[in-house]
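Data from data-v9.pdb: PDB, C-alpha atoms
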ATOM      1  CA  MET A1393      78.255 114.890 100.036
ATOM      2  CA  SER A1394      74.475 114.628  99.948
ATOM      3  CA  GLY A1395      73.004 111.338 101.111
ATOM      4  CA  VAL A1396      76.209 110.036 102.684
ATOM      5  CA  PRO A1397      76.079 109.431 106.466
ATOM      6  CA  SER A1398      78.437 111.844 108.167
ATOM      7  CA  ALA A1399      81.154 110.650 110.501
ATOM      8  CA  PRO A1400      80.783 111.467 114.187
ATOM      9  CA  SER A1401      82.548 114.616 115.306
ATOM     10  CA  GLU A1402      85.864 114.496 117.144
ATOM     11  CA  SER A1403      84.051 115.355 120.379
ATOM     12  CA  SER A1404      81.486 112.552 120.098
ATOM     13  CA  GLY A1405      82.734 110.924 123.296
ATOM     14  CA  CYS A1406      82.372 114.073 125.424
ATOM     15  CA  PRO A1407      79.234 115.089 127.337
ATOM     16  CA  GLU A1408      77.102 117.769 125.718
ATOM     17  CA  PRO A1409      76.964 121.199 127.371
ATOM     18  CA  GLY A1410      74.103 121.235 129.814
ATOM     19  CA  ALA A1411      73.904 117.435 129.971
ATOM     20  CA  ASP A1412      73.192 117.683 133.721
ATOM     21  CA  ARG A1413      69.653 118.889 132.836
ATOM     22  CA  HIS A1414      68.706 115.189 132.805
ATOM     23  CA  GLU A1415      69.331 115.007 136.537
ATOM     24  CA  ALA A1416      65.979 116.693 137.175
ATOM     25  CA  LEU A1417      64.026 114.022 135.268
ATOM     26  CA  ASP A1418      62.144 111.319 137.145
ATOM     27  CA  ALA A1419      62.285 107.631 136.219
ATOM     28  CA  PRO A1420      59.294 107.624 133.789
ATOM     29  CA  ALA A1421      60.669 110.672 131.965
ATOM     30  CA  LEU A1422      64.105 109.088 131.717
ATOM     31  CA  ARG A1423      62.598 105.881 130.343
ATOM     32  CA  ALA A1424      60.637 107.885 127.762
ATOM     33  CA  LEU A1425      63.772 109.779 126.759
ATOM     34  CA  LEU A1426      65.717 106.518 126.470
ATOM     35  CA  ALA A1427      62.985 105.004 124.289
ATOM     36  CA  GLN A1428      63.046 108.081 122.066
ATOM     37  CA  ARG A1429      66.822 107.897 121.669
ATOM     38  CA  GLU A1430      66.651 104.170 120.894
ATOM     39  CA  GLN A1431      64.022 104.842 118.225
ATOM     40  CA  GLN A1432      66.205 107.555 116.680
ATOM     41  CA  LEU A1433      69.187 105.212 116.705
ATOM     42  CA  ALA A1434      67.150 102.462 115.040
ATOM     43  CA  GLU A1435      66.010 104.882 112.326
ATOM     44  CA  GLN A1436      69.570 106.029 111.705
ATOM     45  CA  SER A1437      70.748 102.429 111.525
ATOM     46  CA  ALA A1438      68.012 101.593 109.011
ATOM     47  CA  ALA A1439      68.943 104.604 106.887
ATOM     48  CA  LEU A1440      72.595 103.585 106.953
ATOM     49  CA  GLN A1441      71.642 100.024 105.983
ATOM     50  CA  ALA A1442      69.609 101.302 103.014
ATOM     51  CA  TRP A1443      72.431 103.595 101.935
ATOM     52  CA  THR A1444      74.961 100.772 102.168
ATOM     53  CA  HIS A1445      72.755  98.554 100.017
ATOM     54  CA  ALA A1446      72.424 101.326  97.424
ATOM     55  CA  VAL A1447      76.188 101.788  97.210
ATOM     56  CA  SER A1448      76.819  98.033  97.127
ATOM     57  CA  HIS A1449      74.301  97.249  94.397
ATOM     58  CA  ASP A1450      72.421 100.097  92.704
ATOM     59  CA  LEU A1451      75.389 102.413  92.148
ATOM     60  CA  ARG A1452      77.640  99.583  91.015
ATOM     61  CA  ALA A1453      75.530  98.726  87.960
ATOM     62  CA  PRO A1454      76.360 101.863  85.900
ATOM     63  CA  LEU A1455      80.053 101.417  86.685
ATOM     64  CA  ARG A1456      79.947  97.804  85.562
ATOM     65  CA  HIS A1457      78.388  98.916  82.272
ATOM     66  CA  ILE A1458      81.147 101.470  81.680
ATOM     67  CA  THR A1459      83.997  99.077  82.450
ATOM     68  CA  SER A1460      82.358  96.203  80.535
ATOM     69  CA  PHE A1461      81.403  98.054  77.368
ATOM     70  CA  GLY A1462      84.586 100.117  77.180
ATOM     71  CA  PRO A1463      86.652  97.255  75.697
ATOM     72  CA  LEU A1464      83.902  96.574  73.117
ATOM     73  CA  VAL A1465      83.951 100.198  71.984
ATOM     74  CA  ARG A1466      87.730 100.001  71.811
ATOM     75  CA  GLU A1467      87.502  97.026  69.450
ATOM     76  CA  LEU A1468      85.033  98.912  67.232
ATOM     77  CA  LEU A1469      87.363 101.883  67.071
ATOM     78  CA  GLN A1470      90.278  99.694  66.121
ATOM     79  CA  ASP A1471      88.327  98.296  63.149
ATOM     80  CA  ALA A1472      86.364 101.424  62.214
ATOM     81  CA  PRO A1473      87.018 102.478  58.615
ATOM     82  CA  GLY A1474      87.690 106.066  57.640
ATOM     83  CA  LEU A1475      89.418 107.116  60.893
ATOM     84  CA  ASP A1476      92.873 108.565  60.601
ATOM     85  CA  ALA A1477      95.477 107.390  63.109
ATOM     86  CA  ALA A1478      95.414 110.607  65.174
ATOM     87  CA  THR A1479      91.629 110.613  65.564
ATOM     88  CA  ARG A1480      91.552 106.924  66.454
ATOM     89  CA  GLN A1481      94.261 107.399  69.080
ATOM     90  CA  GLU A1482      92.449 110.401  70.562
ATOM     91  CA  ALA A1483      89.245 108.366  70.900
ATOM     92  CA  LEU A1484      91.160 105.500  72.508
ATOM     93  CA  ASP A1485      92.704 107.933  74.973
ATOM     94  CA  PHE A1486      89.229 109.186  75.899
ATOM     95  CA  LEU A1487      88.118 105.623  76.535
ATOM     96  CA  ALA A1488      91.156 104.963  78.709
ATOM     97  CA  THR A1489      90.341 108.033  80.810
ATOM     98  CA  MET A1490      86.714 106.912  81.177
ATOM     99  CA  ASP A1491      87.800 103.440  82.268
ATOM    100  CA  GLN A1492      90.340 104.804  84.755
ATOM    101  CA  SER A1493      87.763 107.179  86.252
ATOM    102  CA  ALA A1494      85.128 104.450  86.532
ATOM    103  CA  ARG A1495      87.547 102.152  88.338
ATOM    104  CA  ARG A1496      88.569 104.982  90.650
ATOM    105  CA  MET A1497      84.908 105.612  91.470
ATOM    106  CA  GLY A1498      84.569 101.915  92.278
ATOM    107  CA  ARG A1499      87.436 102.229  94.759
ATOM    108  CA  MET A1500      85.757 105.298  96.260
ATOM    109  CA  PHE A1501      82.573 103.268  96.756
ATOM    110  CA  ASP A1502      84.708 100.618  98.466
ATOM    111  CA  GLY A1503      86.040 103.284 100.829
ATOM    112  CA  LEU A1504      82.555 104.539 101.671
ATOM    113  CA  LEU A1505      81.405 100.997 102.352
ATOM    114  CA  GLN A1506      84.400 100.435 104.597
ATOM    115  CA  LEU A1507      83.438 103.471 106.683
ATOM    116  CA  ALA A1508      79.823 102.316 106.841
ATOM    117  CA  ARG A1509      80.914  98.862 108.036
ATOM    118  CA  ILE A1510      83.088 100.424 110.739
ATOM    119  CA  ALA A1511      80.098 102.423 111.969
ATOM    120  CA  ARG A1512      77.845  99.341 111.984
ATOM    121  CA  ALA A1513      80.301  96.699 113.190
ATOM    122  CA  PRO A1514      79.602  95.118 116.592
ATOM    123  CA  PHE A1515      81.722  96.801 119.236
ATOM    124  CA  THR A1516      83.119  94.360 121.785
ATOM    125  CA  PRO A1517      85.546  95.977 124.228
ATOM    126  CA  GLN A1518      87.933  93.556 125.854
ATOM    127  CA  ALA A1519      91.533  93.258 126.982
ATOM    128  CA  VAL A1520      93.693  93.379 123.855
ATOM    129  CA  ASP A1521      97.288  92.252 123.383
ATOM    130  CA  LEU A1522      98.452  95.185 121.297
ATOM    131  CA  GLY A1523     101.889  93.690 120.672
ATOM    132  CA  ALA A1524     100.331  90.534 119.228
ATOM    133  CA  LEU A1525      98.112  92.627 116.944
ATOM    134  CA  VAL A1526     101.126  94.542 115.637
ATOM    135  CA  HIS A1527     102.873  91.234 114.911
ATOM    136  CA  GLU A1528      99.807  89.886 113.070
ATOM    137  CA  VAL A1529      99.532  92.990 110.905
ATOM    138  CA  ARG A1530     103.240  92.965 110.094
ATOM    139  CA  GLU A1531     102.972  89.348 108.990
ATOM    140  CA  ALA A1532     100.017  90.178 106.765
ATOM    141  CA  LEU A1533     101.924  93.071 105.169
ATOM    142  CA  ALA A1534     105.070  90.985 104.570
ATOM    143  CA  PRO A1535     104.454  90.585 100.790
ATOM    144  CA  ARG A1536     104.530  94.367 100.407
ATOM    145  CA  CYS A1537     107.930  94.490 102.109
ATOM    146  CA  GLU A1538     109.706  92.058  99.799
ATOM    147  CA  GLY A1539     112.694  93.522  97.994
ATOM    148  CA  ARG A1540     112.696  96.683 100.094
ATOM    149  CA  ALA A1541     115.360  98.002 102.440
ATOM    150  CA  LEU A1542     113.151  98.300 105.490
ATOM    151  CA  GLN A1543     113.873  98.752 109.172
ATOM    152  CA  TRP A1544     111.098  98.088 111.676
ATOM    153  CA  GLN A1545     111.419  99.770 115.056
ATOM    154  CA  VAL A1546     108.739  98.054 117.110
ATOM    155  CA  GLU A1547     109.175  99.054 120.717
ATOM    156  CA  GLY A1548     107.786  97.188 123.718
ATOM    157  CA  PRO A1549     106.790  96.507 126.355
ATOM    158  CA  TRP A1550     103.189  96.976 125.317
ATOM    159  CA  PRO A1551     100.664  98.356 127.803
ATOM    160  CA  ALA A1552      97.536  96.377 128.579
ATOM    161  CA  VAL A1553      94.720  98.096 126.696
ATOM    162  CA  GLN A1554      90.994  97.770 126.187
ATOM    163  CA  GLY A1555      89.291  97.947 122.829
ATOM    164  CA  ASP A1556      87.633  96.028 120.044
ATOM    165  CA  ALA A1557      90.292  93.661 118.722
ATOM    166  CA  ALA A1558      88.926  93.448 115.165
ATOM    167  CA  LEU A1559      88.651  97.216 114.776
ATOM    168  CA  LEU A1560      92.080  97.826 116.305
ATOM    169  CA  ARG A1561      93.579  95.257 113.917
ATOM    170  CA  GLN A1562      91.999  97.110 110.996
ATOM    171  CA  MET A1563      93.296 100.412 112.330
ATOM    172  CA  LEU A1564      96.835  99.051 112.594
ATOM    173  CA  ALA A1565      96.625  97.645 109.062
ATOM    174  CA  GLU A1566      95.716 101.100 107.727
ATOM    175  CA  LEU A1567      98.433 102.861 109.721
ATOM    176  CA  LEU A1568     101.247 100.443 108.893
ATOM    177  CA  GLY A1569     100.104 100.172 105.279
ATOM    178  CA  ASN A1570     100.204 103.948 104.957
ATOM    179  CA  ALA A1571     103.671 104.095 106.486
ATOM    180  CA  LEU A1572     104.884 101.486 103.990
ATOM    181  CA  LYS A1573     103.337 103.340 101.071
ATOM    182  CA  PHE A1574     104.652 106.804 101.820
ATOM    183  CA  SER A1575     108.158 105.597 102.698
ATOM    184  CA  GLN A1576     108.590 103.508  99.543
ATOM    185  CA  GLY A1577     111.131 105.930  98.083
ATOM    186  CA  CYS A1578     113.400 105.742 101.133
ATOM    187  CA  SER A1579     116.354 103.412 101.436
ATOM    188  CA  PRO A1580     116.254 102.287 104.084
ATOM    189  CA  ALA A1581     112.666 102.972 105.040
ATOM    190  CA  ARG A1582     112.178 103.165 108.798
ATOM    191  CA  ILE A1583     108.826 102.506 110.431
ATOM    192  CA  GLY A1584     108.379 102.777 114.178
ATOM    193  CA  VAL A1585     105.461 101.513 116.254
ATOM    194  CA  GLN A1586     105.072 102.153 119.957
ATOM    195  CA  ALA A1587     102.356 102.556 122.559
ATOM    196  CA  GLU A1588     102.252 104.000 126.042
ATOM    197  CA  ARG A1589      99.799 104.509 128.857
ATOM    198  CA  GLY A1590      99.165 108.058 130.007
ATOM    199  CA  ALA A1591      98.779 109.452 133.497
ATOM    200  CA  HIS A1592      94.997 108.933 133.416
ATOM    201  CA  GLY A1593      95.195 105.421 131.989
ATOM    202  CA  GLN A1594      94.535 106.300 128.346
ATOM    203  CA  CYS A1595      96.504 104.499 125.638
ATOM    204  CA  THR A1596      98.407 106.367 122.930
ATOM    205  CA  LEU A1597      99.595 104.450 119.875
ATOM    206  CA  ARG A1598     102.132 106.060 117.532
ATOM    207  CA  VAL A1599     103.190 104.964 114.063
ATOM    208  CA  GLN A1600     106.135 106.878 112.606
ATOM    209  CA  ASP A1601     107.834 106.720 109.217
ATOM    210  CA  ASN A1602     110.642 108.560 107.455
ATOM    211  CA  GLY A1603     108.719 109.005 104.210
ATOM    212  CA  VAL A1604     107.677 111.986 102.136
ATOM    213  CA  GLY A1605     105.691 113.702 104.890
ATOM    214  CA  PHE A1606     103.409 116.641 104.083
ATOM    215  CA  ASP A1607     102.710 120.286 104.889
ATOM    216  CA  PRO A1608     101.746 120.348 108.609
ATOM    217  CA  ALA A1609      99.224 123.117 107.938
ATOM    218  CA  ARG A1610      97.112 120.524 106.129
ATOM    219  CA  ALA A1611      97.258 117.900 108.884
ATOM    220  CA  GLN A1612      93.546 118.090 109.782
ATOM    221  CA  ALA A1613      92.519 117.470 106.162
ATOM    222  CA  LEU A1614      94.469 114.221 106.271
ATOM    223  CA  PHE A1615      91.649 112.384 108.070
ATOM    224  CA  GLY A1616      88.791 113.538 105.852
ATOM    225  CA  ILE A1617      87.116 111.204 103.383
ATOM    226  CA  PHE A1618      88.745 111.313  99.915
ATOM    227  CA  GLN A1619      91.339 113.825 101.125
ATOM    228  CA  ARG A1620      94.743 113.355  99.521
ATOM    229  CA  LEU A1621      97.908 115.360 100.146
ATOM    230  CA  HIS A1622      99.844 113.777  97.253
ATOM    231  CA  ARG A1623      99.036 113.161  93.612
ATOM    232  CA  GLU A1624      97.591 109.772  92.709
ATOM    233  CA  SER A1625     100.330 109.384  90.105
ATOM    234  CA  GLU A1626     102.830 109.371  93.000
ATOM    235  CA  PHE A1627     100.930 107.194  95.491
ATOM    236  CA  ASP A1628      97.891 105.050  94.829
ATOM    237  CA  GLY A1629      94.708 105.168  96.853
ATOM    238  CA  VAL A1630      91.630 107.374  97.037
ATOM    239  CA  GLY A1631      92.074 108.896 100.499
ATOM    240  CA  CYS A1632      89.975 106.618 102.713
ATOM    241  CA  GLY A1633      92.528 104.822 104.895
ATOM    242  CA  LEU A1634      93.076 107.519 107.501
ATOM    243  CA  ALA A1635      89.379 108.390 107.484
ATOM    244  CA  ALA A1636      88.855 104.778 108.581
ATOM    245  CA  VAL A1637      91.486 105.224 111.308
ATOM    246  CA  ARG A1638      89.620 108.275 112.605
ATOM    247  CA  ALA A1639      86.289 106.410 112.532
ATOM    248  CA  ILE A1640      87.778 103.533 114.545
ATOM    249  CA  ALA A1641      89.351 105.931 117.047
ATOM    250  CA  GLN A1642      85.993 107.656 117.487
ATOM    251  CA  ARG A1643      84.210 104.352 118.089
ATOM    252  CA  HIS A1644      86.655 103.884 120.971
ATOM    253  CA  GLY A1645      85.853 107.353 122.308
ATOM    254  CA  GLY A1646      89.279 108.557 121.214
ATOM    255  CA  SER A1647      90.974 110.863 118.751
ATOM    256  CA  VAL A1648      93.700 110.852 116.116
ATOM    257  CA  SER A1649      96.303 113.409 115.093
ATOM    258  CA  ALA A1650      99.321 113.643 112.806
ATOM    259  CA  GLN A1651     102.626 115.505 112.797
ATOM    260  CA  ALA A1652     104.783 115.795 109.706
ATOM    261  CA  ALA A1653     107.018 117.959 107.575
ATOM    262  CA  PRO A1654     107.711 117.737 103.842
ATOM    263  CA  GLY A1655     110.454 115.196 103.243
ATOM    264  CA  ALA A1656     110.775 114.443 106.962
ATOM    265  CA  GLY A1657     108.245 111.676 107.499
ATOM    266  CA  CYS A1658     105.042 111.491 109.471
ATOM    267  CA  THR A1659     103.864 110.404 112.912
ATOM    268  CA  VAL A1660     100.227 109.425 113.429
ATOM    269  CA  SER A1661      99.020 109.227 117.034
ATOM    270  CA  VAL A1662      95.822 107.528 118.161
ATOM    271  CA  CYS A1663      94.615 107.995 121.729
ATOM    272  CA  TRP A1664      91.685 106.263 123.401
ATOM    273  CA  PRO A1665      90.497 106.052 127.021
ATOM    274  CA  ALA A1666      91.415 103.337 129.444
ATOM    275  CA  LYS A1667      87.857 102.070 129.899
ATOM    276  CA  MET A1668      85.248 101.443 127.235
ATOM    277  CA  LEU A1669      81.641 102.400 127.950
TER     278      LEU A1669
END
Can I see the file as C-alpha cells?
Amino acid sequence: MSGVPSAPSESSGCPEPGADRHEALDAPALRALLAQREQQLAEQSAALQAWTHAVSHDLRAPLRHITSFGPLVRELLQDAPGLDAATRQEALDFLATMDQSARRMGRMFDGLLQLARIARAPFTPQAVDLGALVHEVREALAPRCEGRALQWQVEGPWPAVQGDAALLRQMLAELLGNALKFSQGCSPARIGVQAERGAHGQCTLRVQDNGVGFDPARAQALFGIFQRLHRESEFDGVGCGLAAVRAIAQRHGGSVSAQAAPGAGCTVSVCWPAKML
C-alpha cells in the first residue's frame, strides 16, 4: 500500500548479519554513525507524523461528504417524479452500498491510525502485573459478555514480566475481544488466558477460545493489515486487531503466532524477552 509506513519485520529485534563490523570503529566514527541513525529516525518519525495527519484530516473529508450527502440524495430519489418503483429501489440500493463502503473505509483509516499510534507511542518498560491487566480488560469487556453462556479459564499464578503496561493492556484487549467475537456462536463459549516464563526468562502469553477457528495454512496472513479469514457478514471488523497485536509484540522485541483448525477454536501466543532494551 503506497505511502503507508510498513510494520517492522518479525526479526526486528535480532542483530543484523555482520553487525560485529562496528567493533572496528573508533569512538568518533561510532558517534558519527549514531548521529546519522538518529537523523534517519527523526526523518522517519516526521514522515509518519505527516502521514498520520493526512489520514486523520485530509482523507476524512471526502468520506464525510459521501456519508453526509448520501441521505440528501436518498430524499431526492424518494420524491423524484417519473421513476418507477424498481428503478427507485435500485438507486437506493446503490446509495446504501456507497454508504456502507464509505463507513468501512473510515474504520480502515481508524485501524491504520491505531497502528501508527502504536509505533509512535512512548515505550516505558517496567514491571507489569499481568494478572491485574487481564482482570482490567475482562472488566472492560463485561458489557459484551452479557446474555452469553461464557466460561473464563484464567489460570494463575502469573509470572513477573517486563513491558509497557499501556501497550500490553491494548494487546490483551485485542486478544480477548477477538476470542469473544469468534466464539459468539458457541454455547458455552470458553476462553482461556495463561502466561508462563520460559527457560531463558522470556514470557509467553496464550489466549485460547473454542470458536470457529480457521485454516491453519493461512495462519501467517492472520496478522497482516486488513487480512480477514471470515466474511464480514459473519463477523464484523476490518482486520486490524491482530495486526495491532503483532505491532505491540514487535515493540517489545517479541513475536506472535496462532494455531487453529476450522471449527476447533484458536490459540494466539505472544512471546517477548525477559528484559527490555
Of the listed residues A:Ala1611, A:Ala1508, A:Ala1513, A:Ala1666, that which approaches Gln1554 in chain A most closely, counting all atoms listed in the file:
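Under the stated criterion, the closest residue is A:Ala1666.
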Item to complete: Could you jot down the CA of Leu1507 in chain A to CA of Leu1614 in chain A separation for me, Å, one decimal place?
Response: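 Answer for the CA of Leu1507 in chain A to CA of Leu1614 in chain A separation: 15.4 Å.
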- [ ] Return the single residue from A:Pro1420, A:Gly1474, A:Gly1616, A:Pro1665 that is closest to Gly1590 in chain A, with distances computed using only C-alpha atoms.
- [x]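 For Gly1590 in chain A, the nearest of the candidates is A:Pro1665.
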Next item on the list: Please provide as a list of chain:residue names all residues within 9 Å of range 1515-1530 of chain A, with the sequence filter that same-chain residues fewer than 4 positions apart are discarded (counting all atoms listed in the file).
Entry: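 Residues meeting the cut-off are A:Ala1534, A:Val1546, A:Gly1548, A:Pro1549, A:Trp1550, A:Pro1551, A:Ala1552, A:Val1553, A:Gln1554, A:Gly1555, A:Asp1556, A:Ala1557, A:Ala1558, A:Leu1559, A:Leu1560, A:Arg1561, A:Gln1562, A:Leu1564, A:Ala1565, A:Leu1568, A:Val1585, A:Ala1587, A:Arg1643, A:His1644, A:Lys1667, A:Met1668, A:Leu1669.
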Residues within 8 Å of (90.6, 104.9, 121.4), file coordinates, counting all atoms listed in the file: what are they? Give the list as a list in words.
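Applying the cut-off with all atoms listed in the file, one gets Gly1555, Cys1595, Ile1640, Ala1641, Gln1642, Arg1643, His1644, Gly1645, Gly1646, Ser1647, Val1662, Cys1663, Trp1664 and Pro1665 of chain A.
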Quick check, in Å to one decimal: how far apart do CA of Ala1581 in chain A and CA of Ala1532 in chain A lie?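 Here the two named atoms are 18.1 Å from each other.
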